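Participant: Got a structure for you, model02.cif, holding mmCIF, C-alpha atoms.
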```
data_start
#
loop_
_atom_site.label_atom_id
_atom_site.label_comp_id
_atom_site.auth_asym_id
_atom_site.auth_seq_id
_atom_site.Cartn_x
_atom_site.Cartn_y
_atom_site.Cartn_z
CA MET G 1 88.42 302.17 311.81
CA LEU G 2 87.50 299.99 314.80
CA LEU G 3 85.41 297.69 312.63
CA ALA G 4 88.27 297.35 310.15
CA LEU G 5 90.70 296.47 312.94
CA LEU G 6 88.33 293.84 314.33
CA ALA G 7 87.92 292.33 310.88
CA ALA G 8 91.68 292.00 310.50
CA CYS G 9 92.28 290.65 313.98
CA ASP G 10 90.86 287.85 316.08
CA GLY G 11 87.45 287.58 314.43
CA GLY G 12 86.79 285.11 311.60
CA PRO G 13 85.44 286.04 308.16
CA GLU G 14 81.88 284.95 307.45
CA ASP G 15 80.25 283.41 304.39
CA LEU G 16 83.53 282.29 302.86
CA PRO G 17 83.27 280.27 299.66
CA PRO G 18 84.15 276.62 300.13
CA PRO G 19 87.88 275.92 299.91
CA PRO G 20 89.30 274.05 296.94
CA GLU G 21 89.13 270.33 297.48
CA LEU G 22 92.25 268.84 299.01
CA PRO G 23 93.60 266.25 296.58
CA ALA G 24 93.17 262.66 297.73
CA PRO G 25 96.14 261.05 299.45
CA ARG G 26 98.58 259.63 296.93
CA CYS G 27 99.62 256.41 298.66
CA LEU G 28 96.75 255.75 301.10
CA ASP G 29 92.98 255.79 300.63
CA HIS G 30 91.57 257.69 303.62
CA ALA G 31 89.17 260.61 303.33
CA TYR G 32 89.95 263.84 305.15
CA LEU G 33 87.79 265.06 307.99
CA PRO G 34 86.24 268.52 307.47
CA SER G 35 88.71 271.18 308.53
CA GLU G 36 85.91 273.15 310.18
CA GLY G 37 85.90 270.70 313.08
CA MET G 38 89.65 270.82 313.59
CA GLY G 39 91.86 273.16 315.60
CA GLU G 40 89.55 273.21 318.62
CA LEU G 41 91.45 274.32 321.72
CA LEU G 42 90.77 271.55 324.24
CA PHE G 43 92.68 273.08 327.13
CA ALA G 44 95.54 275.45 327.88
CA THR G 45 97.85 275.40 330.88
CA ARG G 46 99.91 278.48 331.70
CA ASP G 47 103.61 277.66 332.07
CA ASP G 48 104.63 279.84 334.99
CA VAL G 49 108.30 278.84 334.67
CA LEU G 50 108.46 280.27 331.13
CA SER G 51 106.24 283.33 331.71
CA LEU G 52 108.88 285.95 332.42
CA GLU G 53 110.03 289.55 332.14
CA PRO G 54 112.79 290.24 329.56
CA ASP G 55 115.72 290.14 332.00
CA GLU G 56 114.43 286.94 333.61
CA LEU G 57 114.00 285.27 330.24
CA LEU G 58 117.46 286.33 329.09
CA ALA G 59 118.96 284.79 332.24
CA LEU G 60 117.07 281.58 331.52
CA LEU G 61 118.33 281.53 327.93
CA ALA G 62 121.89 281.95 329.22
CA ILE G 63 121.55 278.61 331.02
CA VAL G 64 121.25 276.89 327.64
CA ASP G 65 123.93 279.15 326.03
CA LEU G 66 121.37 281.10 324.00
CA ASP G 67 121.72 284.51 325.58
CA ALA G 68 122.96 285.67 322.16
CA LEU G 69 119.27 285.72 321.25
CA GLY G 70 119.05 288.95 323.27
CA PRO G 71 118.42 291.79 323.68
CA LEU G 72 114.79 291.16 324.54
CA THR G 73 112.15 293.86 324.56
CA TYR G 74 108.99 292.26 325.91
CA GLY G 75 108.02 290.01 328.74
CA VAL G 76 106.15 286.87 327.71
CA ASP G 77 103.40 284.56 328.88
CA ALA G 78 103.67 280.92 327.81
CA TRP G 79 100.94 278.32 327.55
CA LYS G 80 100.99 274.60 326.87
CA ILE G 81 97.96 273.78 324.78
CA ARG G 82 96.20 270.68 323.47
CA TYR G 83 93.95 270.85 320.41
CA THR G 84 92.12 268.73 317.86
CA THR G 85 93.52 267.72 314.50
CA GLN G 86 93.37 264.63 312.29
CA ASP G 87 95.55 261.71 311.31
CA ARG G 88 94.82 259.63 308.22
CA GLY G 89 91.20 260.74 308.27
CA GLU G 90 90.65 259.98 311.96
CA PRO G 91 90.26 262.43 314.86
CA ALA G 92 93.53 263.11 316.66
CA GLU G 93 94.94 265.50 319.23
CA ALA G 94 98.22 267.38 319.36
CA THR G 95 100.03 269.78 321.67
CA ALA G 96 101.96 273.01 321.25
CA LEU G 97 103.60 275.89 323.06
CA ALA G 98 101.88 279.27 322.68
CA VAL G 99 103.79 282.42 323.63
CA ILE G 100 102.14 285.84 323.94
CA PRO G 101 104.37 288.92 324.39
CA ARG G 102 103.39 291.57 326.91
CA VAL G 103 102.81 294.41 324.48
CA PRO G 104 100.63 297.47 325.13
CA ALA G 105 96.95 296.56 325.36
CA GLY G 106 95.19 296.43 322.00
CA GLU G 107 98.37 296.30 319.90
CA PRO G 108 97.82 293.75 317.09
CA LEU G 109 100.23 290.84 317.26
CA PRO G 110 101.53 289.19 314.09
CA ILE G 111 101.70 285.41 314.35
CA VAL G 112 104.80 283.27 313.92
CA VAL G 113 104.23 279.55 313.48
CA TRP G 114 107.54 278.18 314.77
CA LEU G 115 108.18 274.74 313.29
CA HIS G 116 110.85 273.02 315.30
CA PRO G 117 113.83 271.00 314.09
CA THR G 118 114.24 267.32 314.93
CA ALA G 119 113.34 266.60 318.54
CA GLY G 120 112.73 262.84 318.65
CA GLY G 121 110.13 260.21 317.93
CA ASN G 122 107.88 259.94 320.99
CA ASP G 123 106.12 261.94 323.70
CA LEU G 124 109.23 262.22 325.87
CA CYS G 125 110.74 264.45 323.20
CA ALA G 126 107.89 266.98 322.83
CA PRO G 127 109.55 270.43 322.75
CA SER G 128 106.73 272.10 324.70
CA GLY G 129 107.42 269.72 327.57
CA LEU G 130 111.15 270.45 327.78
CA GLY G 131 111.06 273.92 329.33
CA VAL G 132 113.61 276.37 327.99
CA TYR G 133 115.40 273.57 326.14
CA GLY G 134 112.39 273.07 323.87
CA GLY G 135 110.94 276.56 324.01
CA SER G 136 113.97 278.84 323.68
CA PHE G 137 113.35 280.04 320.14
CA PRO G 138 109.59 280.62 320.45
CA LEU G 139 110.17 282.49 323.71
CA ALA G 140 113.00 284.59 322.29
CA PHE G 141 111.15 285.50 319.07
CA ALA G 142 108.07 286.60 320.99
CA ALA G 143 110.22 288.69 323.36
CA ARG G 144 112.39 290.15 320.57
CA MET G 145 109.85 290.75 317.83
CA GLY G 146 106.60 291.40 319.70
CA VAL G 147 104.84 288.55 317.90
CA ALA G 148 102.57 285.79 319.12
CA VAL G 149 104.25 282.43 318.56
CA ILE G 150 102.59 279.06 318.20
CA ALA G 151 105.07 276.20 318.23
CA PRO G 152 103.41 272.87 317.33
CA ASP G 153 104.96 269.72 318.74
CA TYR G 154 103.59 267.74 315.73
CA LEU G 155 101.69 264.47 316.09
CA GLY G 156 103.25 261.80 318.28
CA LEU G 157 105.02 264.37 320.45
CA ALA G 158 102.49 265.22 323.17
CA SER G 159 103.52 267.17 326.24
CA VAL G 160 100.20 267.38 328.12
CA GLY G 161 97.13 265.19 328.27
CA PRO G 162 96.82 261.55 327.18
CA ALA G 163 99.78 259.77 325.62
CA SER G 164 100.04 259.71 321.83
CA PRO G 165 98.58 256.52 320.33
CA HIS G 166 101.17 256.43 317.55
CA LEU G 167 104.82 257.30 317.01
CA HIS G 168 105.74 260.68 315.64
CA PRO G 169 105.39 260.68 311.81
CA TYR G 170 108.84 262.22 311.39
CA VAL G 171 108.94 264.47 308.28
CA VAL G 172 105.78 262.90 306.84
CA PRO G 173 104.10 265.78 304.95
CA GLU G 174 100.37 265.32 305.55
CA PRO G 175 100.23 264.93 309.36
CA THR G 176 102.93 267.55 309.79
CA ALA G 177 101.10 270.15 307.72
CA LEU G 178 97.60 269.52 309.05
CA SER G 179 98.59 269.48 312.72
CA SER G 180 100.58 272.70 312.21
CA LEU G 181 97.69 274.48 310.50
CA ASP G 182 95.27 273.36 313.19
CA ALA G 183 97.63 274.76 315.83
CA VAL G 184 97.12 278.23 314.36
CA LYS G 185 93.36 277.90 314.79
CA ALA G 186 93.85 276.81 318.39
CA LEU G 187 96.10 279.80 319.08
CA LEU G 188 93.46 282.18 317.73
CA ASP G 189 91.03 280.85 320.32
CA LEU G 190 93.43 281.15 323.26
CA PRO G 191 92.65 284.82 324.12
CA ARG G 192 88.92 284.07 324.25
CA GLN G 193 89.25 280.92 326.35
CA LYS G 194 91.67 282.49 328.83
CA SER G 195 90.23 286.04 328.83
CA LEU G 196 93.47 287.53 327.57
CA ASP G 197 93.62 291.03 326.11
CA ALA G 198 95.92 289.90 323.29
CA VAL G 199 94.78 290.90 319.79
CA LEU G 200 96.06 288.38 317.25
CA ASP G 201 96.51 289.67 313.71
CA ARG G 202 95.36 286.86 311.45
CA ALA G 203 96.35 288.96 308.42
CA ARG G 204 100.06 288.60 309.29
CA ILE G 205 101.15 284.99 309.70
CA ALA G 206 104.62 283.53 309.04
CA TYR G 207 105.57 279.87 308.83
CA TRP G 208 109.16 279.63 310.01
CA GLY G 209 111.11 276.44 310.52
CA ILE G 210 114.58 274.92 310.58
CA SER G 211 115.58 271.46 309.29
CA GLN G 212 112.55 269.26 310.01
CA GLY G 213 110.78 272.56 310.58
CA GLY G 214 111.93 273.86 307.20
CA HIS G 215 110.25 270.82 305.67
CA ALA G 216 107.14 271.57 307.76
CA ALA G 217 107.03 275.20 306.61
CA LEU G 218 107.00 274.23 302.93
CA TRP G 219 104.30 271.62 303.42
CA ALA G 220 102.09 273.77 305.66
CA ASP G 221 102.26 276.41 302.93
CA ARG G 222 101.24 273.82 300.34
CA TYR G 223 98.26 272.44 302.29
CA GLN G 224 97.01 275.77 303.68
CA PRO G 225 94.82 277.04 300.81
CA TYR G 226 92.97 273.72 300.78
CA TYR G 227 92.65 273.32 304.55
CA THR G 228 92.62 276.75 306.23
CA PRO G 229 91.91 279.11 303.31
CA ASP G 230 90.98 281.99 305.62
CA LEU G 231 94.46 281.97 307.21
CA PRO G 232 96.97 282.52 304.40
CA PRO G 233 100.60 283.11 305.37
CA THR G 234 102.34 286.40 304.77
CA ALA G 235 105.77 284.78 304.64
CA VAL G 236 107.41 281.35 304.63
CA VAL G 237 110.93 280.71 305.95
CA SER G 238 112.36 277.28 305.17
CA VAL G 239 115.85 276.79 306.58
CA ILE G 240 118.05 273.80 305.65
CA PRO G 241 115.02 271.74 304.62
CA PRO G 242 114.88 268.17 303.35
CA THR G 243 112.85 268.77 300.19
CA ASP G 244 112.86 265.37 298.46
CA LEU G 245 112.98 262.16 300.51
CA GLY G 246 113.62 259.91 297.51
CA ALA G 247 116.57 261.97 296.31
CA LEU G 248 117.93 262.14 299.86
CA PHE G 249 117.57 258.36 300.20
CA THR G 250 119.49 257.83 296.96
CA HIS G 251 122.22 260.21 298.14
CA SER G 252 122.43 258.40 301.47
CA THR G 253 123.06 255.05 299.74
CA GLU G 254 125.82 256.32 297.46
CA ALA G 255 128.40 257.06 300.18
CA PHE G 256 128.28 257.08 303.95
CA SER G 257 127.41 260.55 305.24
CA ASP G 258 125.34 262.43 307.82
CA ALA G 259 122.30 261.70 305.66
CA THR G 260 123.03 257.97 305.81
CA GLU G 261 122.95 258.07 309.61
CA ALA G 262 119.67 260.02 309.69
CA VAL G 263 117.73 258.13 307.03
CA PRO G 264 116.89 254.96 309.05
CA THR G 265 114.71 256.76 311.60
CA VAL G 266 113.07 258.84 308.87
CA LEU G 267 112.25 255.65 306.97
CA SER G 268 111.06 254.01 310.20
CA ALA G 269 108.54 256.80 310.74
CA HIS G 270 107.32 256.55 307.15
CA ALA G 271 107.00 252.78 307.35
CA ASP G 272 104.92 253.15 310.51
CA TRP G 273 102.63 255.85 309.10
CA TYR G 274 102.13 254.40 305.60
CA GLY G 275 102.19 250.73 306.62
CA ALA G 276 105.25 249.89 304.49
CA ASP G 277 107.86 247.21 305.13
CA LEU G 278 111.01 248.80 306.51
CA GLY G 279 112.90 245.58 305.79
CA ASP G 280 112.65 246.33 302.07
CA LEU G 281 115.27 249.05 302.52
CA LEU G 282 117.18 248.43 305.76
CA LEU G 283 118.98 245.40 307.12
CA PRO G 284 117.23 243.66 310.06
CA GLU G 285 119.57 244.93 312.77
CA VAL G 286 119.20 248.50 311.46
CA VAL G 287 115.42 248.13 311.41
CA ASP G 288 115.55 247.18 315.09
CA GLU G 289 117.83 250.07 316.05
CA ALA G 290 115.82 252.67 314.13
CA THR G 291 112.54 251.44 315.60
CA GLN G 292 113.98 251.46 319.12
CA ALA G 293 115.34 254.97 318.67
CA MET G 294 111.98 256.31 317.51
CA SER G 295 110.03 254.50 320.22
CA PHE G 296 112.16 255.18 323.28
CA GLY G 297 114.79 257.85 322.62
CA CYS G 298 115.15 261.41 321.41
CA ASN G 299 118.51 261.08 319.62
CA VAL G 300 117.16 259.89 316.28
CA LEU G 301 119.62 261.44 313.82
CA ASP G 302 122.42 258.96 314.46
CA ALA G 303 120.79 255.88 315.98
CA THR G 304 123.44 253.57 314.48
CA GLU G 305 126.56 255.74 314.77
CA ASP G 306 128.34 253.44 317.25
CA ARG G 307 128.07 250.39 315.01
CA VAL G 308 127.51 251.27 311.35
CA ASP G 309 129.91 253.21 309.17
CA THR G 310 129.29 251.83 305.69
CA VAL G 311 126.23 251.86 303.44
CA GLU G 312 126.57 248.08 303.00
CA ALA G 313 126.00 247.63 306.74
CA MET G 314 122.90 249.83 306.59
CA PHE G 315 120.86 249.08 303.46
CA THR G 316 119.61 245.94 301.75
CA PRO G 317 121.41 244.92 298.54
CA SER G 318 118.29 245.70 296.52
CA ALA G 319 118.08 249.20 298.01
CA LEU G 320 121.75 249.83 297.19
CA ALA G 321 121.02 248.71 293.63
CA GLY G 322 118.20 251.25 293.38
CA ASP G 323 115.49 248.59 293.38
CA VAL G 324 112.76 250.29 295.40
CA PRO G 325 109.36 248.53 295.77
CA PRO G 326 106.31 250.36 294.37
CA ASP G 327 104.92 251.31 297.77
CA TRP G 328 108.20 252.95 298.76
CA ALA G 329 108.43 254.68 295.37
CA CYS G 330 105.01 256.18 296.07
CA ILE G 331 106.09 257.27 299.55
CA PHE G 332 109.18 258.97 298.14
CA ASP G 333 107.11 260.77 295.50
CA ASP G 334 104.66 261.81 298.23
CA ASN G 335 107.49 263.52 300.11
CA ALA G 336 108.91 265.59 297.26
CA ILE G 337 107.74 269.19 297.57
CA ALA G 338 108.31 269.89 293.87
CA GLN G 339 105.86 267.08 293.05
CA ALA G 340 103.18 268.11 295.57
CA MET G 341 99.62 269.21 294.85
CA PRO G 342 99.39 272.56 293.01
CA ARG G 343 100.46 275.51 295.11
CA LEU G 344 97.53 277.90 295.36
CA GLY G 345 99.09 280.39 297.78
CA ASP G 346 101.42 283.24 296.86
CA ALA G 347 103.41 284.01 300.01
CA PRO G 348 107.08 284.85 299.41
CA VAL G 349 109.57 282.23 300.57
CA LEU G 350 113.05 282.50 302.07
CA VAL G 351 115.17 279.37 301.69
CA VAL G 352 118.46 279.09 303.60
CA LEU G 353 121.01 276.36 302.79
CA GLY G 354 124.47 275.41 303.98
CA GLU G 355 127.04 274.71 301.27
CA LEU G 356 128.53 271.84 303.30
CA ASP G 357 125.21 270.45 304.54
CA GLU G 358 125.39 266.66 304.22
CA LEU G 359 122.29 266.01 306.34
CA ALA G 360 119.61 267.67 304.21
CA TYR G 361 122.17 267.84 301.35
CA ALA G 362 122.17 271.31 299.88
CA PRO G 363 122.40 270.37 296.16
CA ILE G 364 119.03 268.60 296.35
CA ALA G 365 117.32 271.55 298.03
CA ARG G 366 118.93 274.04 295.64
CA ALA G 367 117.73 272.09 292.61
CA ASP G 368 114.25 271.88 294.10
CA ALA G 369 114.22 275.63 294.73
CA THR G 370 114.91 276.15 291.03
CA THR G 371 112.01 273.85 290.12
CA LEU G 372 109.70 275.60 292.57
CA CYS G 373 110.60 278.94 291.02
CA ASP G 374 109.77 277.53 287.60
CA GLN G 375 106.39 276.59 289.08
CA GLY G 376 105.79 280.20 290.11
CA MET G 377 107.02 280.39 293.70
CA GLU G 378 108.78 283.62 294.69
CA ILE G 379 111.94 282.46 296.45
CA GLU G 380 114.88 284.30 297.90
CA LEU G 381 117.67 281.79 298.38
CA VAL G 382 120.68 282.21 300.66
CA GLU G 383 123.38 279.55 300.66
CA CYS G 384 126.07 279.94 303.28
CA LEU G 385 129.64 279.43 302.10
CA GLY G 386 131.54 276.81 304.10
CA ARG G 387 128.68 276.21 306.55
CA ASP G 388 127.14 272.86 307.41
CA HIS G 389 123.56 272.03 308.36
CA GLU G 390 123.30 273.57 311.81
CA ASP G 391 125.75 276.43 311.37
CA ALA G 392 123.98 277.76 308.27
CA ALA G 393 120.76 278.01 310.27
CA ILE G 394 122.35 279.75 313.26
CA ALA G 395 124.57 282.12 311.25
CA THR G 396 121.52 283.50 309.44
CA LEU G 397 119.09 283.53 312.36
CA PHE G 398 118.86 287.31 312.73
CA ARG G 399 118.73 287.67 308.94
CA GLN G 400 115.75 285.32 308.95
CA GLU G 401 114.13 287.43 311.65
CA ALA G 402 114.66 290.66 309.72
CA TRP G 403 113.22 289.07 306.58
CA VAL G 404 110.05 288.06 308.46
CA GLN G 405 109.73 291.52 310.01
CA ASP G 406 110.02 293.10 306.56
CA ARG G 407 107.23 290.90 305.23
CA PHE G 408 105.03 291.79 308.21
CA ALA G 409 105.76 295.46 307.55
CA GLY G 410 104.79 295.15 303.89
CA VAL G 411 108.32 295.83 302.60
CA SER G 412 108.71 294.67 299.02
CA MET G 413 111.16 291.89 298.29
CA GLY G 414 114.09 292.35 295.97
CA PRO G 415 114.64 290.13 292.95
CA THR G 416 113.51 286.56 293.47
CA CYS G 417 114.64 283.31 291.87
CA ALA G 418 118.00 284.79 290.86
CA PHE G 419 120.05 282.40 292.95
CA PRO G 420 123.54 283.69 293.77
CA PRO G 421 126.50 281.45 294.53
CA PRO G 422 127.22 280.57 298.17
CA GLU G 423 128.06 283.63 300.26
CA ASP G 424 129.75 284.42 303.54
CA CYS G 425 126.87 284.47 306.01
CA GLY G 426 129.00 285.93 308.80
CA PRO G 427 129.90 284.56 312.20
CA LEU G 428 127.74 282.54 314.50
CA PRO G 429 126.12 284.61 317.27
CA ASN G 430 128.63 283.35 319.86
CA GLU G 431 131.72 283.41 317.62
#
```
In structure tokens, what does this structure look like?

Facilitator:
Amino acid sequence: MLLALLAACDGGPEDLPPPPELPAPRCLDHAYLPSEGMGELLFATRDDVLSLEPDELLALLAIVDLDALGPLTYGVDAWKIRYTTQDRGEPAEATALAVIPRVPAGEPLPIVVWLHPTAGGNDLCAPSGLGVYGGSFPLAFAARMGVAVIAPDYLGLASVGPASPHLHPYVVPEPTALSSLDAVKALLDLPRQKSLDAVLDRARIAYWGISQGGHAALWADRYQPYYTPDLPPTAVVSVIPPTDLGALFTHSTEAFSDATEAVPTVLSAHADWYGADLGDLLLPEVVDEATQAMSFGCNVLDATEDRVDTVEAMFTPSALAGDVPPDWACIFDDNAIAQAMPRLGDAPVLVVLGELDELAYAPIARADATTLCDQGMEIELVECLGRDHEDAAIATLFRQEAWVQDRFAGVSMGPTCAFPPPEDCGPLPNE
């Protein structure tokens, strides 16, 4: 029994067959570094401010109006970590927040990979460096659920150690997925490096993210069998995700909306990472504002809201006419989950949408969920009646938690891919 427990937790399997080869990048020509050298935990710093007993943590959450995340069962210990990953085939480093609940000694801890929503475009915005403001959900989930949480900051959002050499590749699939998967490997090494008695259950892993994090969850799931085949997820929760950048771009050019305001910084990040010309799609003054917002600020969803309120004042005439250069067409195809490399994993997926979501635009994500089901993915879809982007995520938060707990417990899912119409998802926690 003891040997079986050790095999399921903490230790790594030996003599694994080589993983399937990760398909070559679609729009660039770099070669990937071997995944075996990635995810090395470079250092970990205990965050004493966030390492708290349940009542202390609940009081801290109340400061940011998130005490509705209670009641909390466990105290927690929080660590800021820095680890190795890769970026366009070159060595890179990233940071994350790791949270370990204070459960009875020897109790195996499932792992939640918390993939954060939009935080910003540079190191100042790294969630793990923002205390309770950036760490509230990882802290609360660890304290509520008794799970170990690793919350990657993603590349370009570094909270400890040297400054990031590049901007954050905002919702770019490859660097998001690889840095998130490497964070899991770093977490698994934390108990050894810091002589902790935590037992991490590598057989129960959930990818769970909202908005940008919902995008990250889908892409981490897609890259995982190729990159970390010994760490398959048990569950994937993708909440209000942008699933197809090209379709979202087209929607944003058709009429001014929340998506129109958000697209410039998204495009700016893609132009930076892929080496594309942002001026092909955005007017010069918008290029400048989007670049400035990514480089120096953390409010990147509406960088032009004080000046621009029409699509004509945002996009080039050729972009409005649907004339997208070949390099941008490739980038858009590269960021469409339904067109990604074959999905080799089989973890069940929960997708949550908001009927009135104009930011990630629910009709696009719903159509993509149908396509993904046709491709063999087991999806339970919840669309919240009358809820927008943020409210759909918050109204279903405890439902998301229960769904993850059921998957960890081995509870069978109900019917999948039978998508109901939008439903009343109930009140927000503070309503």

Participant: Run the PyMOL selection byres ((chain G and resi 155-158) around 7) mentally over the shown coordinates, then write out the matched residues as a ChimeraX atom specification, using the chain letters and numbers from the document.

Facilitator: /G:94-95,122-123,125-126,153-154,159-160,163-164,166-169,175,179

Participant: Taking only C-alpha atoms into account, name the residue in G:Leu187, G:Ala143, G:Val103, G:Val352 that is nearest to Glu56 of chain G.

Facilitator: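 Closest to Glu56 of chain G of all the choices is G:Ala143.
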
Participant: Measuring atom to atom with all atoms listed in the file, identify which of G:Leu301, G:Leu42, G:Leu69, G:Ala119 is nearest to Glu93 of chain G.

Facilitator: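 Of G:Leu301, G:Leu42, G:Leu69, G:Ala119, the one nearest Glu93 of chain G is G:Leu42, counting all atoms listed in the file.
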
Participant: Counting only C-alpha atoms, I want the residues whose atoms come within 10 Å of (92.8, 282.0, 331.5) in the file frame, returned as a VMD selection string.

Facilitator: chain G and resid 43 to 46 79 190 to 196

Participant: Expressed in Å to a single decimal, how great is the separation between atom CA of Val349 of chain G and atom CA of Asp189 of chain G?

Facilitator: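 Between atom CA of Val349 of chain G and atom CA of Asp189 of chain G the gap is 27.1 Å.
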
Participant: Take the PyMOL selection byres ((chain G and resi 362-369) around 9), run it mentally on this structure, and tell me the resulting residues as a ChimeraX atom specification.

Facilitator: /G:240-244,247-248,336-338,351,353-361,370-374,377,379,381,383,389,417,419

Participant: Between G:Gly161, G:Pro317, G:Gly376, G:Gly297, which has the minimum distance to Leu282 of chain G (counting only C-alpha atoms)?

Facilitator: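 For Leu282 of chain G, the nearest of the given residues is G:Pro317.
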
Participant: Could you tell me how far atom CA of Met341 of chain G sits from atom CA of Gln405 of chain G, in Å to one decimal place?

Facilitator: 28.8 Å

Participant: Taking all atoms listed in the file into account, which of G:Leu33, G:Ala313, G:Ala293, G:Ala276 comes nearest Ala92 of chain G?

Facilitator: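 Smallest distance to Ala92 of chain G is found for G:Leu33.
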
Participant: May I ask for the distance between atom CA of Ala220 of chain G and atom CA of Gly131 of chain G, given in Å to one decimal place?

Facilitator: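 These atoms are spaced 25.3 Å apart.
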
Participant: Considering all atoms listed in the file, can you say which of G:Tyr207, G:Trp328, G:Phe137, G:Tyr74 comes closest to Asp277 of chain G?

Facilitator: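 Selected residue with least distance to Asp277 of chain G: G:Trp328.
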
Participant: Which one is closest to Val113 of chain G: G:Pro342, G:Pro415, G:Pro152, G:Gly322? Count only C-alpha atoms.

Facilitator: G:Pro152

Participant: The residues within 12 Å of (131.6, 280.5, 312.3), using all atoms listed in the file and the coordinates of the file, should be reported as JSON, numbers by chain; which are they?

Facilitator: {"G": [384, 385, 386, 387, 388, 390, 391, 392, 393, 394, 395, 396, 424, 425, 426, 427, 428, 429, 430, 431]}
